[in-house]
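Text of input_20.pdb (PDB, C-alpha atoms) as supplied:
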MODEL        1
ATOM      1  CA  MET Q 160      36.759 -21.726  -7.162
ATOM      2  CA  THR Q 161      35.628 -23.998  -4.334
ATOM      3  CA  GLU Q 162      32.134 -25.468  -4.030
ATOM      4  CA  LEU Q 163      31.319 -23.115  -1.151
ATOM      5  CA  GLU Q 164      32.460 -20.124  -3.183
ATOM      6  CA  ARG Q 165      30.315 -21.228  -6.126
ATOM      7  CA  ARG Q 166      27.277 -21.531  -3.861
ATOM      8  CA  TYR Q 167      27.848 -18.081  -2.412
ATOM      9  CA  ALA Q 168      28.304 -16.666  -5.910
ATOM     10  CA  ALA Q 169      25.011 -18.257  -6.992
ATOM     11  CA  LEU Q 170      23.199 -16.593  -4.079
ATOM     12  CA  LEU Q 171      24.800 -13.245  -4.868
ATOM     13  CA  ARG Q 172      23.429 -13.441  -8.408
ATOM     14  CA  LEU Q 173      20.002 -12.816  -6.854
ATOM     15  CA  TYR Q 174      21.101  -9.203  -6.378
ATOM     16  CA  PRO Q 175      20.730  -6.710  -9.254
ATOM     17  CA  GLU Q 176      23.704  -6.421 -11.576
ATOM     18  CA  TRP Q 177      24.453  -2.820 -10.569
ATOM     19  CA  TYR Q 178      24.611  -3.884  -6.930
ATOM     20  CA  ARG Q 179      26.895  -6.833  -7.668
ATOM     21  CA  ARG Q 180      29.292  -4.614  -9.603
ATOM     22  CA  SER Q 181      29.737  -2.275  -6.648
ATOM     23  CA  ARG Q 182      29.601  -4.674  -3.706
ATOM     24  CA  GLY Q 183      29.550  -8.254  -4.998
ATOM     25  CA  ALA Q 184      33.277  -8.959  -4.698
ATOM     26  CA  GLU Q 185      33.418  -7.435  -1.225
ATOM     27  CA  MET Q 186      30.429  -9.481  -0.015
ATOM     28  CA  LEU Q 187      31.880 -12.698  -1.418
ATOM     29  CA  ALA Q 188      35.222 -12.033   0.249
ATOM     30  CA  VAL Q 189      33.580 -11.375   3.633
ATOM     31  CA  LEU Q 190      31.483 -14.544   3.367
ATOM     32  CA  MET Q 191      34.499 -16.680   2.477
ATOM     33  CA  ASP Q 192      36.698 -15.178   5.206
ATOM     34  CA  SER Q 193      34.068 -15.853   7.874
ATOM     35  CA  ALA Q 194      33.459 -19.480   6.811
ATOM     36  CA  PRO Q 195      35.347 -22.372   8.455
ATOM     37  CA  PRO Q 196      37.799 -24.186   6.128
ATOM     38  CA  ASP Q 197      35.730 -27.399   6.099
ATOM     39  CA  ARG Q 198      32.385 -25.817   5.227
ATOM     40  CA  ARG Q 199      30.997 -26.920   1.844
ATOM     41  CA  ARG Q 200      27.684 -25.085   1.707
ATOM     42  CA  PRO Q 201      26.242 -21.878   3.203
ATOM     43  CA  GLU Q 202      24.397 -22.095   6.479
ATOM     44  CA  TRP Q 203      20.636 -21.569   6.416
ATOM     45  CA  ARG Q 204      21.037 -18.297   8.317
ATOM     46  CA  GLU Q 205      23.373 -16.972   5.628
ATOM     47  CA  THR Q 206      21.163 -18.217   2.807
ATOM     48  CA  ARG Q 207      18.089 -16.607   4.309
ATOM     49  CA  GLY Q 208      19.956 -13.343   4.915
ATOM     50  CA  LEU Q 209      21.245 -13.174   1.344
ATOM     51  CA  ILE Q 210      17.820 -13.920  -0.140
ATOM     52  CA  LEU Q 211      16.105 -11.308   2.015
ATOM     53  CA  GLY Q 212      18.861  -8.827   1.258
ATOM     54  CA  ALA Q 213      18.456  -9.344  -2.480
ATOM     55  CA  LEU Q 214      14.686  -8.849  -2.233
ATOM     56  CA  ARG Q 215      15.174  -5.659  -0.222
ATOM     57  CA  VAL Q 216      17.593  -4.256  -2.802
ATOM     58  CA  ARG Q 217      15.266  -5.076  -5.689
ATOM     59  CA  ALA Q 218      12.343  -3.518  -3.796
ATOM     60  CA  GLY Q 219      14.345  -0.398  -2.953
ATOM     61  CA  ALA Q 220      14.042  -1.166   0.754
ATOM     62  CA  GLN Q 221      17.728  -1.454   1.660
ATOM     63  CA  GLY Q 222      19.548   0.984   3.890
ATOM     64  CA  HIS Q 223      18.797   2.594   7.233
ATOM     65  CA  ARG Q 224      15.692   4.719   7.806
ATOM     66  CA  THR Q 225      13.846   5.952  10.839
ATOM     67  CA  ALA Q 226      10.331   4.914  11.793
ATOM     68  CA  GLY Q 227       9.179   8.424  10.924
ATOM     69  CA  GLN Q 228      10.567   8.137   7.391
ATOM     70  CA  SER Q 229       8.688   4.872   6.919
ATOM     71  CA  TRP Q 230       5.486   6.546   8.112
ATOM     72  CA  TRP Q 231       5.872   9.540   5.761
ATOM     73  CA  VAL Q 232       6.345   7.308   2.717
ATOM     74  CA  SER Q 233       3.425   5.090   3.735
ATOM     75  CA  LEU Q 234       1.115   8.059   4.280
ATOM     76  CA  ARG Q 235       2.081   9.479   0.886
ATOM     77  CA  ILE Q 236       1.455   6.225  -0.975
ATOM     78  CA  ALA Q 237      -1.809   5.559   0.886
ATOM     79  CA  ALA Q 238      -3.058   9.086   0.127
ATOM     80  CA  LEU Q 239      -2.349   8.574  -3.576
ATOM     81  CA  MET Q 240      -4.162   5.235  -3.447
ATOM     82  CA  GLY Q 241      -7.175   6.942  -1.895
ATOM     83  CA  LEU Q 242      -7.252   9.636  -4.562
ATOM     84  CA  ILE Q 243      -7.057   7.015  -7.310
ATOM     85  CA  GLN Q 244      -9.824   5.020  -5.626
ATOM     86  CA  ALA Q 245     -11.998   8.153  -5.498
ATOM     87  CA  VAL Q 246     -11.397   8.869  -9.193
ATOM     88  CA  GLY Q 247     -12.355   5.305 -10.095
ATOM     89  CA  ASP Q 248     -15.484   5.422  -7.962
ATOM     90  CA  VAL Q 249     -16.658   8.731  -9.437
ATOM     91  CA  LEU Q 250     -15.958   7.592 -13.002
ATOM     92  CA  TRP Q 251     -18.047   4.431 -12.736
ATOM     93  CA  GLN Q 252     -20.750   6.451 -11.030
ATOM     94  CA  MET Q 253     -20.771   8.777 -14.048
ATOM     95  CA  ALA Q 254     -21.597   5.762 -16.211
ATOM     96  CA  ARG Q 255     -24.944   5.604 -14.396
ATOM     97  CA  ASN Q 256     -25.541   9.307 -13.866
ATOM     98  CA  PRO Q 257     -23.249  11.537 -15.964
ATOM     99  CA  VAL Q 258     -23.115  15.097 -14.639
ATOM    100  CA  ALA Q 259     -20.585  17.880 -15.092
ATOM    101  CA  VAL Q 260     -19.809  18.117 -11.380
ATOM    102  CA  SER Q 261     -18.343  14.599 -11.478
ATOM    103  CA  LEU Q 262     -15.758  15.776 -14.005
ATOM    104  CA  ALA Q 263     -14.883  18.635 -11.660
ATOM    105  CA  VAL Q 264     -14.367  16.173  -8.789
ATOM    106  CA  VAL Q 265     -12.167  13.964 -10.973
ATOM    107  CA  ALA Q 266     -10.147  16.989 -12.117
ATOM    108  CA  ALA Q 267      -9.652  18.076  -8.502
ATOM    109  CA  CYS Q 268      -8.440  14.591  -7.542
ATOM    110  CA  VAL Q 269      -5.956  14.600 -10.425
ATOM    111  CA  LEU Q 270      -4.672  18.022  -9.362
ATOM    112  CA  ALA Q 271      -4.299  16.733  -5.803
ATOM    113  CA  MET Q 272      -2.279  13.754  -7.048
ATOM    114  CA  VAL Q 273       0.018  16.059  -9.003
ATOM    115  CA  ALA Q 274       0.476  18.182  -5.881
ATOM    116  CA  VAL Q 275       1.367  15.093  -3.819
ATOM    117  CA  VAL Q 276       3.934  13.975  -6.388
ATOM    118  CA  ARG Q 277       5.491  17.467  -6.328
ATOM    119  CA  GLY Q 278       5.573  17.524  -2.535
ATOM    120  CA  ALA Q 279       2.998  20.321  -2.217
ATOM    121  CA  TYR Q 280       1.038  18.604   0.530
ATOM    122  CA  LEU Q 281      -0.794  21.673   1.784
ATOM    123  CA  ALA Q 282      -2.162  22.332  -1.693
ATOM    124  CA  ALA Q 283      -3.035  18.639  -2.071
ATOM    125  CA  THR Q 284      -4.895  18.686   1.244
ATOM    126  CA  VAL Q 285      -6.896  21.789   0.343
ATOM    127  CA  VAL Q 286      -7.786  20.521  -3.132
ATOM    128  CA  THR Q 287      -8.789  17.090  -1.796
ATOM    129  CA  ALA Q 288     -10.989  18.665   0.872
ATOM    130  CA  GLY Q 289     -12.549  20.886  -1.803
ATOM    131  CA  ALA Q 290     -13.261  17.855  -3.985
ATOM    132  CA  PHE Q 291     -15.043  16.162  -1.095
ATOM    133  CA  VAL Q 292     -17.143  19.251  -0.308
ATOM    134  CA  LEU Q 293     -18.066  19.603  -3.976
ATOM    135  CA  ASP Q 294     -19.049  15.970  -4.206
ATOM    136  CA  ALA Q 295     -20.959  16.110  -0.914
ATOM    137  CA  VAL Q 296     -23.010  19.055  -2.174
ATOM    138  CA  ALA Q 297     -23.683  17.238  -5.421
ATOM    139  CA  ARG Q 298     -24.713  14.155  -3.471
ATOM    140  CA  GLU Q 299     -27.370  16.127  -1.658
ATOM    141  CA  THR Q 300     -28.750  17.760  -4.805
ATOM    142  CA  LEU Q 301     -28.097  15.455  -7.753
ATOM    143  CA  TYR Q 302     -27.010  11.959  -6.710
ATOM    144  CA  GLU Q 303     -28.708   9.163  -4.923
ATOM    145  CA  TRP Q 304     -25.316   8.176  -3.586
ATOM    146  CA  SER Q 305     -21.801   9.516  -4.067
ATOM    147  CA  ALA Q 306     -18.711   7.345  -3.866
ATOM    148  CA  SER Q 307     -16.214   9.920  -2.601
ATOM    149  CA  TRP Q 308     -15.673   8.529   0.901
ATOM    150  CA  PRO Q 309     -11.940   7.942   0.289
ATOM    151  CA  LEU Q 310     -11.478  11.717  -0.021
ATOM    152  CA  PRO Q 311     -11.876  12.737   3.654
ATOM    153  CA  LEU Q 312      -9.604   9.891   4.699
ATOM    154  CA  ALA Q 313      -7.034  11.041   2.132
ATOM    155  CA  VAL Q 314      -7.182  14.477   3.755
ATOM    156  CA  VAL Q 315      -6.448  12.909   7.154
ATOM    157  CA  LEU Q 316      -3.418  11.090   5.695
ATOM    158  CA  LEU Q 317      -2.110  14.202   3.953
ATOM    159  CA  ILE Q 318      -2.252  16.529   6.959
ATOM    160  CA  PRO Q 319       0.804  14.989   8.738
ATOM    161  CA  LEU Q 320       2.839  15.492   5.540
ATOM    162  CA  ILE Q 321       2.289  19.245   5.344
ATOM    163  CA  GLY Q 322       5.579  21.112   5.549
ATOM    164  CA  ARG Q 323       7.791  18.066   5.095
ATOM    165  CA  GLY Q 324       8.808  18.756   1.503
ATOM    166  CA  PRO Q 325       9.300  16.086  -1.170
ATOM    167  CA  ILE Q 326       9.189  12.556   0.197
ATOM    168  CA  VAL Q 327      11.079  10.076  -1.944
ATOM    169  CA  ALA Q 328       9.528   6.628  -2.299
ATOM    170  CA  PRO Q 329      11.157   3.749  -4.203
ATOM    171  CA  ARG Q 330       9.730   3.086  -7.640
ATOM    172  CA  ALA Q 331       8.784  -0.468  -6.690
ATOM    173  CA  LEU Q 332       6.464   0.884  -4.007
ATOM    174  CA  HIS Q 333       4.425   2.741  -6.610
ATOM    175  CA  VAL Q 334       3.186  -0.609  -7.946
ATOM    176  CA  LEU Q 335       0.673  -0.390  -5.085
ATOM    177  CA  LEU Q 336      -1.106   2.373  -7.004
ATOM    178  CA  LEU Q 337      -2.507  -0.344  -9.281
ATOM    179  CA  VAL Q 338      -4.476  -1.821  -6.366
ATOM    180  CA  PRO Q 339      -7.212   0.866  -6.237
ATOM    181  CA  VAL Q 340      -7.427   0.769 -10.045
ATOM    182  CA  VAL Q 341      -8.284  -2.941  -9.965
ATOM    183  CA  SER Q 342     -10.554  -2.498  -6.946
ATOM    184  CA  ALA Q 343     -12.530   0.372  -8.484
ATOM    185  CA  ALA Q 344     -12.819  -1.475 -11.806
ATOM    186  CA  LEU Q 345     -14.251  -4.588 -10.149
ATOM    187  CA  MET Q 346     -16.601  -2.624  -7.923
ATOM    188  CA  GLY Q 347     -17.782  -0.341 -10.714
ATOM    189  CA  TYR Q 348     -18.406  -3.075 -13.250
ATOM    190  CA  GLY Q 349     -20.102  -5.209 -10.618
ATOM    191  CA  THR Q 350     -22.395  -2.337  -9.664
ATOM    192  CA  ILE Q 351     -23.276  -1.499 -13.248
ATOM    193  CA  THR Q 352     -23.970  -5.134 -14.157
ATOM    194  CA  GLN Q 353     -25.560  -5.886 -10.759
ATOM    195  CA  ASP Q 354     -23.125  -8.766 -10.341
ATOM    196  CA  PRO Q 355     -22.452  -9.120  -6.607
ATOM    197  CA  SER Q 356     -19.546 -11.525  -7.200
ATOM    198  CA  LEU Q 357     -17.499  -8.729  -8.800
ATOM    199  CA  GLN Q 358     -18.290  -6.367  -5.934
ATOM    200  CA  THR Q 359     -17.176  -9.072  -3.518
ATOM    201  CA  GLY Q 360     -14.085  -9.524  -5.689
ATOM    202  CA  SER Q 361     -13.079  -5.925  -5.018
ATOM    203  CA  ARG Q 362     -13.163  -6.590  -1.295
ATOM    204  CA  ALA Q 363     -11.280  -9.866  -1.783
ATOM    205  CA  VAL Q 364      -8.469  -8.047  -3.606
ATOM    206  CA  TRP Q 365      -7.827  -5.899  -0.551
ATOM    207  CA  GLN Q 366      -8.096  -8.801   1.875
ATOM    208  CA  THR Q 367      -5.681 -10.958  -0.128
ATOM    209  CA  LEU Q 368      -3.147  -8.147  -0.399
ATOM    210  CA  ALA Q 369      -3.510  -7.322   3.285
ATOM    211  CA  VAL Q 370      -2.488 -10.885   4.196
ATOM    212  CA  ALA Q 371       0.374 -10.879   1.683
ATOM    213  CA  ALA Q 372       1.536  -7.500   2.986
ATOM    214  CA  ILE Q 373       2.023  -8.914   6.487
ATOM    215  CA  LEU Q 374       4.427 -11.492   5.053
ATOM    216  CA  TRP Q 375       6.131  -8.804   2.953
ATOM    217  CA  SER Q 376       6.856  -6.734   6.074
ATOM    218  CA  VAL Q 377      10.169  -8.607   6.465
ATOM    219  CA  ILE Q 378      11.178  -7.049   3.135
ATOM    220  CA  ASP Q 379       9.596  -3.597   3.282
ATOM    221  CA  GLU Q 380       7.343  -2.540   6.134
ATOM    222  CA  ARG Q 381       6.222   0.507   4.130
ATOM    223  CA  VAL Q 382       4.221  -1.772   1.826
ATOM    224  CA  THR Q 383       2.441  -3.275   4.822
ATOM    225  CA  MET Q 384       1.628   0.121   6.317
ATOM    226  CA  SER Q 385       0.488   1.561   2.969
ATOM    227  CA  ILE Q 386      -1.883  -1.338   2.312
ATOM    228  CA  GLY Q 387      -3.274  -1.128   5.837
ATOM    229  CA  LEU Q 388      -3.891   2.620   5.646
ATOM    230  CA  ALA Q 389      -5.458   2.412   2.193
ATOM    231  CA  PHE Q 390      -7.635  -0.570   3.210
ATOM    232  CA  LEU Q 391      -9.402   1.772   5.643
ATOM    233  CA  TYR Q 392     -10.999   3.410   2.589
ATOM    234  CA  VAL Q 393     -12.773   0.146   1.880
ATOM    235  CA  VAL Q 394     -13.954  -0.195   5.487
ATOM    236  CA  VAL Q 395     -15.528   3.262   5.593
ATOM    237  CA  SER Q 396     -16.939   3.082   2.062
ATOM    238  CA  ARG Q 397     -18.539  -0.282   2.805
ATOM    239  CA  ALA Q 398     -20.167   1.047   5.968
ATOM    240  CA  MET Q 399     -21.483   4.169   4.250
ATOM    241  CA  ALA Q 400     -22.804   2.156   1.322
ATOM    242  CA  ASP Q 401     -24.701  -0.104   3.719
ATOM    243  CA  GLN Q 402     -26.277   2.866   5.470
ATOM    244  CA  VAL Q 403     -27.318   4.549   2.205
ATOM    245  CA  ALA Q 404     -28.775   1.296   0.886
ATOM    246  CA  LEU Q 405     -30.815   0.970   4.076
ATOM    247  CA  LYS Q 406     -31.863   4.664   3.923
ATOM    248  CA  ASP Q 407     -30.629   4.926   7.505
ATOM    249  CA  TRP Q 408     -27.623   7.017   8.534
ATOM    250  CA  SER Q 409     -27.350   5.553  12.028
ATOM    251  CA  LEU Q 410     -24.717   2.851  12.284
ATOM    252  CA  ASP Q 411     -26.739  -0.167  13.315
ATOM    253  CA  TYR Q 412     -25.529  -3.228  15.188
ATOM    254  CA  TRP Q 413     -24.813  -5.388  12.145
ATOM    255  CA  THR Q 414     -22.999  -2.621  10.302
ATOM    256  CA  LEU Q 415     -20.706  -2.121  13.264
ATOM    257  CA  ILE Q 416     -19.950  -5.850  13.345
ATOM    258  CA  ASP Q 417     -19.251  -5.862   9.600
ATOM    259  CA  MET Q 418     -16.948  -2.852   9.953
ATOM    260  CA  GLY Q 419     -15.153  -4.461  12.882
ATOM    261  CA  ILE Q 420     -14.512  -7.704  11.010
ATOM    262  CA  LEU Q 421     -13.415  -5.889   7.851
ATOM    263  CA  ALA Q 422     -11.124  -3.583   9.843
ATOM    264  CA  ILE Q 423      -9.162  -6.430  11.478
ATOM    265  CA  LEU Q 424      -6.757  -6.898   8.555
ATOM    266  CA  PRO Q 425      -5.919  -3.220   7.915
ATOM    267  CA  ILE Q 426      -5.378  -2.577  11.624
ATOM    268  CA  LEU Q 427      -3.149  -5.653  11.795
ATOM    269  CA  ASP Q 428      -1.188  -4.438   8.752
ATOM    270  CA  ILE Q 429      -0.633  -1.016  10.284
ATOM    271  CA  ALA Q 430       0.396  -2.504  13.635
ATOM    272  CA  VAL Q 431       2.817  -5.024  12.094
ATOM    273  CA  GLY Q 432       4.318  -2.456   9.726
ATOM    274  CA  ALA Q 433       4.765   0.117  12.497
ATOM    275  CA  THR Q 434       6.385  -2.480  14.778
ATOM    276  CA  VAL Q 435       8.854  -3.542  12.094
ATOM    277  CA  ALA Q 436       9.611   0.116  11.308
ATOM    278  CA  VAL Q 437      10.535   0.750  14.942
ATOM    279  CA  ARG Q 438      12.635  -2.410  15.158
ATOM    280  CA  ARG Q 439      14.538  -1.435  11.996
ATOM    281  CA  THR Q 440      15.763   1.744  13.687
ATOM    282  CA  ARG Q 441      17.443  -0.378  16.371
ATOM    283  CA  ILE Q 442      19.460  -2.426  13.894
TER     284      ILE Q 442
ENDMDL
END

Please, can you express the file's structure as structure tokens?
Amino acid sequence: MTELERRYAALLRLYPEWYRRSRGAEMLAVLMDSAPPDRRRPEWRETRGLILGALRVRAGAQGHRTAGQSWWVSLRIAALMGLIQAVGDVLWQMARNPVAVSLAVVAACVLAMVAVVRGAYLAATVVTAGAFVLDAVARETLYEWSASWPLPLAVVLLIPLIGRGPIVAPRALHVLLLVPVVSAALMGYGTITQDPSLQTGSRAVWQTLAVAAILWSVIDERVTMSIGLAFLYVVVSRAMADQVALKDWSLDYWTLIDMGILAILPILDIAVGATVAVRRTRI
């Protein structure tokens, strides 16, 4: 085995074993056949392509897909993230003001998540809308403030999925469902303990991931789009929380500025992800 062949083989080991068994020998043969006789190491273009290809395979992002397919997966994941965020928000709210209606809202969100997983998007939309109405009524009669603002946005994300049947998303993409868990935990504990640094930490989690997601768009644009769509929950929830705290439901000048600044990253994520999704269809 020549030095060039050994270097190619080392790069191919970045791919999963199952992938190497089926295509490793073929890829190595193609790389060697296309290389000049005097070449001793892979070109940077080849190295970069092999590394990106290995990351795409491990992330389940390989293969051709249309821009529409990328959007459907992103909407599905973002809707699930919103439902999880709503469950977390209602649960920490129950720690301050436990009422039976909160359990009903949580149960409805769980049912909606099950419906999304099963591909029953119409049922998920109806149940999510019902959970929001139930929580809104409770907010007017029992709560000082309800944290269910992700629910109406989840409804908006679910509506385009109605009638499309099961939408398959790679397992690696479901890691994103941990993001709202961490966010809700930080926000809830910070609210209960009155520690503003933890509440700020929840916002920082989304901002950090939004930046990382832009870089990850070269691997899987669906991650970028999902993070951007789900980040909109934080934008709206932050604005509504500000208005409730001020006892004023008119969006004032400073709230609009805060929303605009906070919305820059999610809008950028959605735009970058959508652009990459369209460009992928031309490859």

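You can rank Q:Ile373, Q:Leu163, Q:Val334, Q:Ser181 by their closest distance to Pro195 (chain Q) using all atoms listed in the file, and at the top of that list sits Q:Leu163.
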
Next on the checklist: I'd like the neighbourhood of Glu202 (chain Q) as number ranges by chain, where a residue qualifies if any of its atoms comes within 12 Å (using only C-alpha atoms), though same-chain residues fewer than 2 positions away should be ignored.
Outcome noted: Q: 163, 166-167, 170, 190, 193-195, 198-200, 204-209

Item to check | Selection result of the PyMOL selection byres ((chain Q and resi 268) around 12) on this file, as a VMD selection string | outcome: chain Q and resid 238 to 250 261 to 267 269 to 275 282 to 291 293 to 294 307 309 to 311 313 to 314

Item to check | For CA of Leu173 (chain Q) and CA of Pro329 (chain Q), the interatomic separation in Å (one decimal) | outcome: 19.0 Å

Checklist entry - In terms of the shortest atom-to-atom distance over all atoms listed in the file, which of Q:Gly212, Q:Gly324, Q:Gly183, Q:Gly227 is closest to Thr434 (chain Q)? => result Q:Gly227

Evaluating the PyMOL selection byres ((chain Q and resi 365) around 9) on the displayed file yields which residues, as a PDB file with C-alpha atoms, in the coordinates of the input?
ATOM      1  CA  VAL Q 338      -4.476  -1.821  -6.366  1.00  0.00           C
ATOM      2  CA  PRO Q 339      -7.212   0.866  -6.237  1.00  0.00           C
ATOM      3  CA  SER Q 342     -10.554  -2.498  -6.946  1.00  0.00           C
ATOM      4  CA  GLY Q 360     -14.085  -9.524  -5.689  1.00  0.00           C
ATOM      5  CA  SER Q 361     -13.079  -5.925  -5.018  1.00  0.00           C
ATOM      6  CA  ARG Q 362     -13.163  -6.590  -1.295  1.00  0.00           C
ATOM      7  CA  ALA Q 363     -11.280  -9.866  -1.783  1.00  0.00           C
ATOM      8  CA  VAL Q 364      -8.469  -8.047  -3.606  1.00  0.00           C
ATOM      9  CA  GLN Q 366      -8.096  -8.801   1.875  1.00  0.00           C
ATOM     10  CA  THR Q 367      -5.681 -10.958  -0.128  1.00  0.00           C
ATOM     11  CA  LEU Q 368      -3.147  -8.147  -0.399  1.00  0.00           C
ATOM     12  CA  ALA Q 369      -3.510  -7.322   3.285  1.00  0.00           C
ATOM     13  CA  VAL Q 370      -2.488 -10.885   4.196  1.00  0.00           C
ATOM     14  CA  ILE Q 386      -1.883  -1.338   2.312  1.00  0.00           C
ATOM     15  CA  PHE Q 390      -7.635  -0.570   3.210  1.00  0.00           C
ATOM     16  CA  VAL Q 393     -12.773   0.146   1.880  1.00  0.00           C
TER      17      VAL Q 393
END

Checklist entry - Given the file above and the PyMOL selection byres ((chain Q and resi 213) around 8), which residues are selected, and can you give them as an MDAnalysis selection string? => result chainID Q and resid 171 173:175 209:212 214:217

Next on the checklist: Between CA of Glu176 (chain Q) and CA of Glu164 (chain Q), what is the distance in Å, rounded to a tenth?
Outcome noted: 18.3 Å

Item to check | Residue among Q:Ala371, Q:Ala237, Q:Ile429, Q:Ala184 lying closest to Leu316 (chain Q), counting only C-alpha atoms | outcome: Q:Ala237

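The residue set within 8 Å of Ser229 (chain Q), counting only C-alpha atoms and dropping same-chain residues fewer than 3 places from it, reads Arg224, Thr225, Ala226, Val232, Ser233, Glu380, Arg381 and Ala436 of chain Q.
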
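Relative to CA of Ala328 (chain Q), CA of Ser385 (chain Q) is found at 11.6 Å.
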
Checklist outcome for this item: One residue among Q:Met186, Q:Leu421, Q:Ile321, Q:Ala168 is nearest to Gly278 (chain Q) when using all atoms listed in the file, and that residue is Q:Ile321

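Comparing Q:Val377, Q:Val340, Q:Met418, Q:Val276 by their smallest distance to Val431 (chain Q), the closest is Q:Val377 (using only C-alpha atoms).
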